[in-house]
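A short write-up of the structure that comes next.
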Amino acid sequence: MADAAKAAQAAKEKLARTKVYMANMFKGGVIVAVENGEQAKIAEKLGARGVEVVAPVPKAPALEFNTTVTADPSIVREVLGAVVLPVVGRIRYGHVIEAQVMKACGVNAIDEHEGTTNASDEVVPKADDTLPYFAGVADLKEALCAISAGASLIRTQFKEKEENPKVEVTVGILNKIYGEIAALKTKTEAELKAIAKDGRCGVALVEQIKRLQRLPVPLFADGGIVLPTDVAMVMDLKADGAIVSQVVFQVPDPARRVRSMVMAAAHFRNPAILLQFVEDT
């Protein structure tokens, strides 16, 4: 029995590592939110690391924040057929059935997205799922909970549900998370155990983050990312990548805007090169 338990635990840990490895393929670039196959083709052609299929937003105002709902499965299949990029399916927080539908469609990852239409107060069980899941957080405590629950990629969370996502909120969350991680360096063993208890995770995870001075899974910026300078700023704040809002497809030249944001992720440390793409928008 002891050997069987050890084998089961080893298999679970291997699955978790595999899913994080899959999520790591998004690092260093942008995931573009898209509403159809044509938008997905633009994102793929211009160098996005992946696309996330979302429900359409109203055309005006340009930055209006739609309630978070899952895209129609026919659109998800359309996007899957249009590109070879990894495709992320967005589901409502806690919606187990929507997760099953996205898996049946054949997506490569699932973003359990908070919004104005959450389906449950409990997260979708994901630790034993073969697909990597994204989870939104606002601080280190929530990141610990999400990683412990099986999330393979963490993104910043927009909590002010009645307003448009703003990049300053995203920046604030990144700063808060990294500030809390930096503070772990001076924590005692007892304090680390208390943080782990509060975050509903094992102390080994907290100790790992203390040692790495970063999360053990990718951390992406999400919320109000609509300009190349937004992408460059969050990358400079140690985000591993950014999720670009679908409202970029409402500008006069969407391809130019997407290209500039992809290049901003690659060249955020070089102001001279970045300037070219800022001017290009």
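As shown in the structure tokens, the chain order sets the letters A, B, ...; within each chain, residues go from 1, and ligands are also counted from 1 in the order they appear.
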(Q) Going by DSSP on the backbone, which residues of region 63-248 of chain A come out as strand (DSSP E or B)? List them as a PyMOL selection string. (A) chain A and resi 87-92+109-113+133-137+153-156+219-222+241-244
Non-local contacts of Ala43 (chain A) (7 Å; only C-alpha atoms; under 5 positions in same chain excluded) as a CSV table (one decimal) with N, CA and C atoms, in the first residue's frame:
```
chain,number,residue,atom,x,y,z
A,32,VAL,N,-2.8,36.4,-27.3
A,32,VAL,CA,-3.7,37.4,-27.8
A,32,VAL,C,-5.1,36.8,-27.7
A,48,ALA,N,2.5,35.8,-32.1
A,48,ALA,CA,2.0,35.6,-30.7
A,48,ALA,C,2.4,34.1,-30.3
A,258,VAL,N,-1.0,44.5,-33.2
A,258,VAL,CA,-0.6,43.2,-32.7
A,258,VAL,C,0.9,43.0,-32.9
```
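With only C-alpha atoms as the atoms that count, the minimum distance from Val20 (chain A) to the choices A:Phe268, A:Tyr133, A:Phe277, A:Tyr93 is reached by A:Tyr133.
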> What is the CA of Ser245 (chain A)-CA of Pro125 (chain A) distance in Å, reported with one decimal?
Replying inline: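 Rounded to one decimal, the two atoms are 26.6 Å apart.
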Could you build a table of the residues in region 153-250 of chain A lying no more than 12 Å from region 141-148 of chain A, giving for each the nearest pair of atoms and their separation in Å rounded to one decimal place, using only C-alpha atoms, ordered by chain and ascending residue number, as a Markdown table?
```
| residue | atom | partner | partner_atom | distance |
| --- | --- | --- | --- | --- |
| A:Leu153 | CA | A:Ile147 | CA | 8.2 |
| A:Ile154 | CA | A:Ala143 | CA | 6.9 |
| A:Arg155 | CA | A:Ala143 | CA | 9.0 |
| A:Thr156 | CA | A:Ala143 | CA | 9.5 |
| A:Gln157 | CA | A:Glu142 | CA | 10.0 |
| A:Ile173 | CA | A:Ala143 | CA | 11.2 |
| A:Leu174 | CA | A:Ala143 | CA | 11.5 |
| A:Lys176 | CA | A:Lys141 | CA | 10.8 |
| A:Ile177 | CA | A:Ala143 | CA | 8.5 |
| A:Tyr178 | CA | A:Ala143 | CA | 11.4 |
| A:Glu180 | CA | A:Lys141 | CA | 9.1 |
| A:Ile181 | CA | A:Lys141 | CA | 10.3 |
| A:Leu192 | CA | A:Lys141 | CA | 11.9 |
| A:Ala194 | CA | A:Lys141 | CA | 11.1 |
| A:Ile195 | CA | A:Lys141 | CA | 7.6 |
| A:Ala196 | CA | A:Leu144 | CA | 7.7 |
| A:Lys197 | CA | A:Lys141 | CA | 9.7 |
| A:Asp198 | CA | A:Lys141 | CA | 7.0 |
| A:Gly199 | CA | A:Lys141 | CA | 4.9 |
| A:Arg200 | CA | A:Cys145 | CA | 5.6 |
| A:Cys201 | CA | A:Ser148 | CA | 5.4 |
| A:Gly202 | CA | A:Ser148 | CA | 7.8 |
| A:Val203 | CA | A:Leu144 | CA | 10.1 |
| A:Ala204 | CA | A:Ser148 | CA | 10.8 |
| A:Leu205 | CA | A:Leu144 | CA | 7.7 |
| A:Val206 | CA | A:Leu144 | CA | 7.8 |
| A:Glu207 | CA | A:Leu144 | CA | 11.4 |
| A:Gln208 | CA | A:Leu144 | CA | 11.3 |
| A:Ile209 | CA | A:Leu144 | CA | 9.6 |
| A:Arg214 | CA | A:Ala143 | CA | 11.1 |
| A:Leu215 | CA | A:Ala143 | CA | 8.3 |
| A:Pro216 | CA | A:Ile147 | CA | 8.7 |
| A:Val217 | CA | A:Ile147 | CA | 8.0 |
| A:Pro218 | CA | A:Ile147 | CA | 10.7 |
| A:Leu219 | CA | A:Ala143 | CA | 9.5 |
| A:Phe220 | CA | A:Ala143 | CA | 11.9 |
```
Write a file of the just-selected residues containing C-alpha atoms, as a compact mmCIF listing (two decimals), in the first residue's frame.
```txt
# COMPACT_ATOMS: atom_id res chain seq x y z
CA LEU A 153 0.07 29.55 -15.13
CA ILE A 154 -0.78 32.50 -12.92
CA ARG A 155 -2.07 35.78 -14.31
CA THR A 156 -2.98 39.04 -12.67
CA GLN A 157 -6.64 39.32 -11.76
CA ILE A 173 -0.75 43.46 -8.62
CA LEU A 174 2.64 42.61 -10.14
CA LYS A 176 2.45 43.52 -4.79
CA ILE A 177 3.26 39.92 -5.66
CA TYR A 178 6.96 40.57 -6.14
CA GLU A 180 5.55 39.89 -0.98
CA ILE A 181 8.01 37.44 -2.53
CA LEU A 192 6.84 30.66 6.48
CA ALA A 194 2.00 30.52 8.80
CA ILE A 195 2.10 31.89 5.23
CA ALA A 196 1.71 28.36 3.87
CA LYS A 197 -1.26 27.72 6.13
CA ASP A 198 -2.89 30.98 5.05
CA GLY A 199 -2.25 30.08 1.41
CA ARG A 200 -3.59 26.54 1.86
CA CYS A 201 -0.40 24.98 0.52
CA GLY A 202 2.58 23.03 1.75
CA VAL A 203 5.47 24.94 3.29
CA ALA A 204 7.75 23.46 0.61
CA LEU A 205 6.04 25.67 -2.00
CA VAL A 206 6.64 28.80 0.09
CA GLU A 207 10.27 27.81 0.67
CA GLN A 208 10.71 27.21 -3.07
CA ILE A 209 9.37 30.67 -3.89
CA ARG A 214 9.68 34.15 -8.19
CA LEU A 215 6.73 31.83 -8.65
CA PRO A 216 7.53 28.28 -9.82
CA VAL A 217 5.01 28.71 -12.67
CA PRO A 218 4.76 31.46 -15.32
CA LEU A 219 3.27 34.78 -14.18
CA PHE A 220 1.43 36.71 -16.90
```
Each residue of region 98-131 of chain A with at least one atom at most 8 Å from region 5-16 of chain A should appear once, together with its nearest atom pair and the corresponding distance in Å (one decimal); atoms considered: only C-alpha atoms; ordering: chain, then increasing residue number; output as JSON lines.
```
{"residue": "A:Ala127", "atom": "CA", "partner": "A:Ala16", "partner_atom": "CA", "distance": 7.3}
{"residue": "A:Asp128", "atom": "CA", "partner": "A:Lys12", "partner_atom": "CA", "distance": 7.1}
{"residue": "A:Thr130", "atom": "CA", "partner": "A:Leu15", "partner_atom": "CA", "distance": 7.1}
```
Residue with the minimum atom-to-atom distance to Glu78 (chain A), picked from A:Ala4, A:Ile97, A:Val107, A:Val171 with only C-alpha atoms counted, is A:Val107
| said: Which residue is closest to Val251 (chain A)? Choose from A:Pro165, A:Ala23, A:Ala265, A:Val226 and count only C-alpha atoms. | reply: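 Ranking A:Pro165, A:Ala23, A:Ala265, A:Val226 by distance to Val251 (chain A), first place goes to A:Val226.
Distance annotation: of A:Lys126, A:Arg90, A:Arg269, A:Arg77, the residue with the minimal separation from Ala104 (chain A) is A:Arg77; atom set is only C-alpha atoms.
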